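In what follows, a single structure is set out as structure tokens and then discussed.
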Amino acid sequence: MERTVNDIHAGQAPIPFNSVLPWAAFITLMVLLAVYFIGAEQGATAVFSGNQIHEYFHDAQHLLGFPCH
């Protein structure tokens, strides 16, 4: 019994870039959409008509410090 569990060192396998890239693109898209809807979906830059989107994200604007009124 020369080897114990403490003597065994398992190296971590690197994560391939091809498997990280789709997740990074998805997260980037979600962050950009969130920033747009929270910060810019009102007034002249509005893509959707009406105030439903603005009212839905209104409290998030105040929480994150975006000017809105």
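To be explicit about the labels: the chains of the structure tokens are called A, B, and onward in the order shown, and within each one the residues are counted from 1, while ligands get numbers from 1 in the order they are shown.
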*Using only C-alpha atoms, determine which residues lie at most 12 Å from Glu55 (chain A), disregarding the query and same-chain residues fewer than 5 positions distant; provide the list as a VMD selection string.*
chain A and resid 37 to 38 41 to 42 50 60 to 62 68
*Per DSSP on the backbone, filter chain A down to the residues in alpha helix (DSSP H) and report them as a ChimeraX atom specification.*
/A:17-39,52-56,58-64
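Atom pair CA of Ala46 (chain A) / CA of Thr28 (chain A): separated by 21.0 Å.
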